[in-house]
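J.: File follows, target-v7.cif with mmCIF, C-alpha atoms:
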```
data_coords
loop_
_atom_site.label_atom_id
_atom_site.label_comp_id
_atom_site.auth_asym_id
_atom_site.auth_seq_id
_atom_site.Cartn_x
_atom_site.Cartn_y
_atom_site.Cartn_z
CA MET F 1 -12.48 -45.66 -12.21
CA THR F 2 -9.57 -47.91 -13.13
CA THR F 3 -6.49 -49.06 -11.27
CA ASN F 4 -3.04 -49.80 -12.61
CA PRO F 5 -2.23 -53.31 -11.27
CA ASP F 6 1.48 -52.55 -11.00
CA SER F 7 1.46 -49.22 -9.24
CA ASP F 8 -1.85 -49.59 -7.34
CA VAL F 9 -2.65 -46.00 -8.31
CA LYS F 10 -6.19 -45.15 -9.33
CA THR F 11 -6.81 -42.75 -12.16
CA GLN F 12 -7.59 -39.80 -9.91
CA GLY F 13 -4.35 -40.37 -8.04
CA THR F 14 -5.31 -42.19 -4.85
CA VAL F 15 -4.05 -45.53 -3.58
CA SER F 16 -6.28 -48.44 -2.73
CA PRO F 17 -6.02 -49.08 1.05
CA SER F 18 -6.23 -52.83 0.47
CA LYS F 19 -3.08 -52.64 -1.67
CA ALA F 20 -1.02 -50.26 0.41
CA THR F 21 2.14 -52.35 0.21
CA GLY F 22 2.36 -53.06 -3.53
CA ARG F 23 5.63 -54.56 -4.77
CA HIS F 24 6.24 -51.66 -7.15
CA GLY F 25 6.34 -49.05 -4.45
CA SER F 26 2.83 -47.83 -3.63
CA GLY F 27 1.93 -47.81 0.02
CA ALA F 28 2.28 -46.23 3.43
CA LEU F 29 3.91 -42.83 3.77
CA ILE F 30 7.04 -42.94 5.89
CA GLY F 31 6.84 -39.23 6.67
CA SER F 32 8.62 -35.99 5.87
CA ILE F 33 12.29 -35.57 6.64
CA ALA F 34 12.89 -34.95 10.35
CA PRO F 35 15.12 -32.07 11.48
CA SER F 36 18.69 -32.75 12.55
CA ALA F 37 19.83 -32.54 16.14
CA PRO F 38 20.58 -28.99 17.37
CA GLY F 39 24.18 -27.96 16.96
CA ALA F 40 24.96 -30.64 14.38
CA HIS F 41 24.80 -28.37 11.35
CA SER F 42 27.64 -26.98 9.27
CA GLU F 43 27.69 -24.59 6.35
CA PRO F 44 28.01 -26.39 2.99
CA SER F 45 30.95 -25.46 0.82
CA GLU F 46 30.50 -23.96 -2.61
CA ALA F 47 31.69 -27.26 -4.14
CA ASP F 48 29.05 -29.19 -2.17
CA ARG F 49 26.36 -26.74 -3.29
CA ARG F 50 27.34 -27.29 -6.90
CA ARG F 51 27.19 -31.08 -6.43
CA VAL F 52 23.71 -30.83 -4.92
CA GLU F 53 22.41 -28.56 -7.66
CA ALA F 54 23.96 -30.77 -10.35
CA LEU F 55 22.28 -33.88 -8.91
CA ILE F 56 18.86 -32.23 -8.83
CA HIS F 57 19.18 -30.91 -12.39
CA ARG F 58 20.63 -34.16 -13.78
CA THR F 59 17.77 -36.14 -12.27
CA ALA F 60 15.16 -33.89 -13.86
CA ARG F 61 17.00 -34.01 -17.20
CA ALA F 62 17.13 -37.81 -17.18
CA ILE F 63 13.36 -37.99 -16.67
CA ASP F 64 12.65 -35.38 -19.35
CA ASP F 65 14.94 -37.19 -21.81
CA ASP F 66 13.22 -40.55 -21.12
CA ARG F 67 16.44 -42.02 -19.71
CA LEU F 68 14.42 -43.60 -16.92
CA GLU F 69 16.74 -46.58 -16.52
CA SER F 70 19.34 -44.16 -15.14
CA PHE F 71 16.91 -42.76 -12.54
CA PRO F 72 17.75 -45.37 -9.83
CA ASP F 73 21.46 -44.54 -10.18
CA PHE F 74 20.82 -41.18 -8.52
CA PHE F 75 19.92 -42.99 -5.27
CA THR F 76 21.92 -44.83 -2.64
CA GLU F 77 21.25 -48.57 -2.22
CA ASP F 78 18.89 -47.80 0.67
CA GLY F 79 17.50 -44.69 -1.03
CA ILE F 80 13.83 -43.85 -0.46
CA TYR F 81 11.62 -42.39 -3.20
CA GLN F 82 8.13 -41.23 -2.27
CA VAL F 83 5.38 -39.21 -3.92
CA ALA F 84 2.57 -37.88 -1.72
CA SER F 85 0.10 -35.00 -1.63
CA ARG F 86 0.70 -31.99 0.59
CA PHE F 87 -2.82 -32.56 1.91
CA ASN F 88 -1.83 -36.00 3.26
CA VAL F 89 1.59 -34.93 4.54
CA GLU F 90 0.32 -31.90 6.46
CA ARG F 91 -2.35 -34.04 8.16
CA GLY F 92 -0.06 -36.95 8.88
CA LEU F 93 -2.15 -39.28 6.74
CA PRO F 94 -0.19 -42.51 6.05
CA MET F 95 -0.64 -42.80 2.31
CA ALA F 96 1.66 -42.16 -0.64
CA GLN F 97 1.04 -42.49 -4.36
CA ILE F 98 4.51 -43.98 -4.75
CA ASN F 99 6.55 -45.49 -1.93
CA CYS F 100 9.85 -47.09 -2.94
CA ARG F 101 11.93 -47.97 0.10
CA ASN F 102 15.21 -48.83 -1.64
CA ARG F 103 16.95 -48.68 -5.02
CA GLY F 104 15.77 -52.18 -5.93
CA MET F 105 12.13 -51.11 -5.67
CA ILE F 106 12.84 -48.10 -7.88
CA ILE F 107 14.45 -50.37 -10.49
CA ASP F 108 11.44 -52.68 -10.31
CA ARG F 109 9.05 -49.76 -10.84
CA ILE F 110 10.92 -48.54 -13.92
CA ALA F 111 10.90 -52.08 -15.38
CA SER F 112 7.17 -52.27 -14.74
CA LEU F 113 6.36 -49.04 -16.56
CA ARG F 114 8.49 -50.14 -19.51
CA HIS F 115 7.10 -53.66 -19.86
CA ALA F 116 3.84 -54.08 -17.94
CA ASN F 117 1.92 -50.83 -17.50
CA ILE F 118 -0.51 -49.65 -20.16
CA TYR F 119 -0.81 -45.87 -20.48
CA GLY F 120 -0.97 -43.09 -23.05
CA LYS F 121 2.48 -42.17 -24.31
CA HIS F 122 3.73 -38.93 -22.80
CA ARG F 123 6.80 -37.19 -21.44
CA TYR F 124 7.64 -34.49 -18.92
CA ARG F 125 9.38 -31.14 -18.89
CA HIS F 126 10.66 -30.04 -15.47
CA LEU F 127 11.08 -26.46 -14.30
CA ILE F 128 13.28 -26.39 -11.20
CA SER F 129 13.68 -23.40 -8.87
CA SER F 130 14.51 -22.26 -5.33
CA ILE F 131 17.07 -24.94 -4.44
CA GLU F 132 17.75 -24.42 -0.74
CA ILE F 133 20.21 -26.38 1.40
CA GLU F 134 18.52 -26.16 4.79
CA SER F 135 21.23 -27.92 6.77
CA GLN F 136 24.31 -30.12 6.52
CA THR F 137 25.43 -32.77 8.99
CA GLY F 138 28.71 -34.38 8.02
CA THR F 139 28.25 -35.57 4.43
CA SER F 140 24.42 -35.41 4.56
CA MET F 141 22.40 -32.40 3.45
CA ARG F 142 18.73 -31.61 3.73
CA VAL F 143 17.49 -29.79 0.65
CA ARG F 144 14.17 -28.31 -0.48
CA THR F 145 13.45 -27.48 -4.12
CA SER F 146 10.37 -26.21 -5.93
CA TYR F 147 9.30 -27.92 -9.13
CA LEU F 148 6.76 -27.61 -11.92
CA VAL F 149 6.14 -30.50 -14.31
CA ILE F 150 4.53 -30.02 -17.72
CA ARG F 151 3.16 -33.16 -19.35
CA ILE F 152 3.39 -33.46 -23.14
CA MET F 153 1.17 -36.08 -24.74
CA ASP F 154 2.07 -37.96 -27.90
CA ASP F 155 -0.19 -35.68 -29.98
CA GLY F 156 1.74 -32.61 -28.76
CA THR F 157 -0.86 -31.41 -26.25
CA SER F 158 0.80 -30.00 -23.14
CA THR F 159 -0.65 -29.23 -19.72
CA ILE F 160 0.64 -28.38 -16.26
CA PHE F 161 0.66 -31.79 -14.63
CA SER F 162 2.11 -31.22 -11.16
CA SER F 163 3.61 -28.54 -8.93
CA GLY F 164 5.17 -28.93 -5.54
CA GLU F 165 8.49 -29.41 -3.84
CA TYR F 166 11.22 -31.98 -3.38
CA GLN F 167 12.28 -32.69 0.20
CA ASP F 168 15.63 -34.41 -0.17
CA MET F 169 18.28 -35.97 1.98
CA ILE F 170 21.40 -35.90 -0.19
CA VAL F 171 24.62 -37.62 0.80
CA LEU F 172 28.12 -37.32 -0.61
CA GLU F 173 29.73 -40.69 -1.38
CA SER F 174 33.30 -40.60 -2.68
CA GLY F 175 32.69 -37.06 -3.87
CA ALA F 176 29.45 -37.94 -5.71
CA ALA F 177 26.03 -36.69 -4.55
CA ARG F 178 23.11 -39.16 -4.30
CA PHE F 179 19.66 -39.20 -2.79
CA ARG F 180 19.21 -41.13 0.41
CA GLU F 181 15.68 -39.78 0.55
CA ARG F 182 13.61 -38.01 -2.08
CA ARG F 183 10.08 -37.10 -1.10
CA VAL F 184 7.99 -35.42 -3.77
CA ILE F 185 5.23 -33.38 -2.13
CA PHE F 186 2.73 -32.27 -4.77
CA ASP F 187 0.43 -29.31 -4.11
CA SER F 188 -2.90 -30.73 -5.32
CA LYS F 189 -5.00 -33.16 -3.28
CA SER F 190 -4.71 -35.84 -5.96
CA ILE F 191 -3.23 -36.68 -9.35
CA ASP F 192 -5.88 -36.29 -12.03
CA THR F 193 -4.66 -39.24 -14.07
CA LEU F 194 -2.37 -42.25 -13.86
CA LEU F 195 1.02 -41.47 -12.30
CA VAL F 196 3.54 -43.60 -14.17
CA ILE F 197 6.75 -41.65 -14.86
CA PRO F 198 8.63 -40.45 -11.76
CA LEU F 199 8.11 -36.82 -10.85
#
```
If you convert what's in this file into structure tokens, what do you get?

T.:
Amino acid sequence: MTTNPDSDVKTQGTVSPSKATGRHGSGALIGSIAPSAPGAHSEPSEADRRRVEALIHRTARAIDDDRLESFPDFFTEDGIYQVASRFNVERGLPMAQINCRNRGMIIDRIASLRHANIYGKHRYRHLISSIEIESQTGTSMRVRTSYLVIRIMDDGTSTIFSSGEYQDMIVLESGAARFRERRVIFDSKSIDTLLVIPL
């Protein structure tokens, strides 16, 4: 068993408890998005729905096209990016494979994978479905989306790498949609290999 020194993620996808606050965003799980206060919801407009859908699709496209340096731009300055197993989330277990608590930590993680991490070259192909705006409060929207990620290795071999859902808090800033929170909840109990590229 090996551990990536930058992400603190072991090869089978768990995080070392002794390194639960790594500088590149591995660590304690903050928790799933809490519901809004009763009566605070409004129905999103068609224009807002299109902005939300465009943000989700553009984010997936940037990852698939290896434009990872643009990934942090989809988040607010205080934007949270987490990756955790459904097993942990449903049991309230305080552990996440990736835990970036602001845009700066996301930028740091991308720089690390470009210049420090050692891993087999690969890329992703996202399949996005079932985008649902669960609620809107002012300019903030809670959104759930199903995803499937296929991993393509440098030799052309492709496998289903991860399935799950995005639990997002999306805010509108000057007409542009950005993530204030993106929590990736994957269906399996663990990741079967090193998790480097954002899901």

J.: So, counting all atoms listed in the file, which residue among F:Ala84, F:Leu68, F:Ala60, F:Ala54 is closest to F:Asp187?

T.: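 Closest residue, counting all atoms listed in the file: F:Ala84.
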
J.: Taking into account only C-alpha atoms, which residue in the set F:Ser70, F:Ser163, F:Asn102, F:Thr193 is nearest to F:Arg86?

T.: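 Closest to F:Arg86, using only C-alpha atoms: F:Ser163.
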
J.: When you look at F:Glu77 with a cut-off of 9 Å (counting all atoms listed in the file), what residues show up, excluding the ones that are within fewer than 3 positions of it in the same chain? I need them as an MDAnalysis selection string.

T.: chainID F and resid 72:73 80 102:104 180

J.: Report as a list of chain:residue names all protein, DNA and RNA residues lying within 9 Å of F:Leu199, evaluated on all atoms listed in the file, omitting residues in the same chain fewer than 2 positions from it.

T.: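 Counting all atoms listed in the file, the residues come to F:Ala60, F:Ile63, F:Val83, F:Tyr124, F:His126, F:Val149, F:Ser162, F:Val184, F:Leu195, F:Val196, F:Ile197.
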
J.: How would the residues just chosen look if you wrote them out with C-alpha atoms as a short mmCIF file (atom, residue, chain, number, x, y, z; two decimals), in the coordinates of the input?

T.:
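File part23.cif, as written:
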```
data_model
loop_
_atom_site.label_atom_id
_atom_site.label_comp_id
_atom_site.auth_asym_id
_atom_site.auth_seq_id
_atom_site.Cartn_x
_atom_site.Cartn_y
_atom_site.Cartn_z
CA ALA F 60 15.16 -33.89 -13.86
CA ILE F 63 13.36 -37.99 -16.67
CA VAL F 83 5.38 -39.21 -3.92
CA TYR F 124 7.64 -34.49 -18.92
CA HIS F 126 10.66 -30.04 -15.47
CA VAL F 149 6.14 -30.50 -14.31
CA SER F 162 2.11 -31.22 -11.16
CA VAL F 184 7.99 -35.42 -3.77
CA LEU F 195 1.02 -41.47 -12.30
CA VAL F 196 3.54 -43.60 -14.17
CA ILE F 197 6.75 -41.65 -14.86
#
```

J.: Take every atom of stretch 176-193 of chain F listed in the file, fit an axis-aligned box around them, add 6 Å per side, and give the centre and edge lengths in Å to one decimal as AutoDock Vina command-line options.

T.:
```
--center_x 11.8 --center_y -35.2 --center_z -6.8 --size_x 47.3 --size_y 23.8 --size_z 26.6
```

J.: Any chance you could work out the residue set of the PyMOL selection byres ((chain F and resi 44) around 10) here, as a ChimeraX atom specification?

T.: /F:41-43,45-50,133-141

J.: Between F:Cys100, F:Ile152, F:Val171, F:Ile107, which is the closest to F:Val52 once you count only C-alpha atoms?

T.: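 Among the listed residues, the smallest separation from F:Val52 belongs to F:Val171.
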
J.: Could you give me, as a compact mmCIF listing (two decimals) with C-alpha atoms, keeping the file's coordinate frame, the residues within 10 Å of F:Ser158, counting all atoms listed in the file and dropping anything in the same chain fewer than 3 positions from it?

T.:
```txt
# COMPACT_ATOMS: atom_id res chain seq x y z
CA HIS F 122 3.73 -38.93 -22.80
CA ARG F 123 6.80 -37.19 -21.44
CA TYR F 124 7.64 -34.49 -18.92
CA ARG F 125 9.38 -31.14 -18.89
CA ILE F 150 4.53 -30.02 -17.72
CA ARG F 151 3.16 -33.16 -19.35
CA ILE F 152 3.39 -33.46 -23.14
CA MET F 153 1.17 -36.08 -24.74
CA ASP F 154 2.07 -37.96 -27.90
CA ASP F 155 -0.19 -35.68 -29.98
CA PHE F 161 0.66 -31.79 -14.63
```

J.: If you measure from atom CA of F:Arg182 to atom CA of F:Arg67, what distance in Å do you get, rounded to one decimal?

T.: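 Taking atom CA of F:Arg182 and atom CA of F:Arg67, their separation equals 18.3 Å.
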
J.: I'd like the interatomic distance between atom CA of F:Glu90 and atom CA of F:Met105, to a tenth of an Å.

T.: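 Atom-to-atom, atom CA of F:Glu90 and atom CA of F:Met105 are spaced 25.6 Å apart.
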
J.: For the atom pair atom CA of F:Met169 and atom CA of F:Asp108, what is the interatomic distance in Å to one decimal place?

T.: 21.8 Å

J.: Please list as a PyMOL selection string every residue within 10 Å of F:Asn88, counting all atoms listed in the file and excluding residues in the same chain fewer than 5 positions away.

T.: chain F and resi 29+31+93-96+185-186+189-190
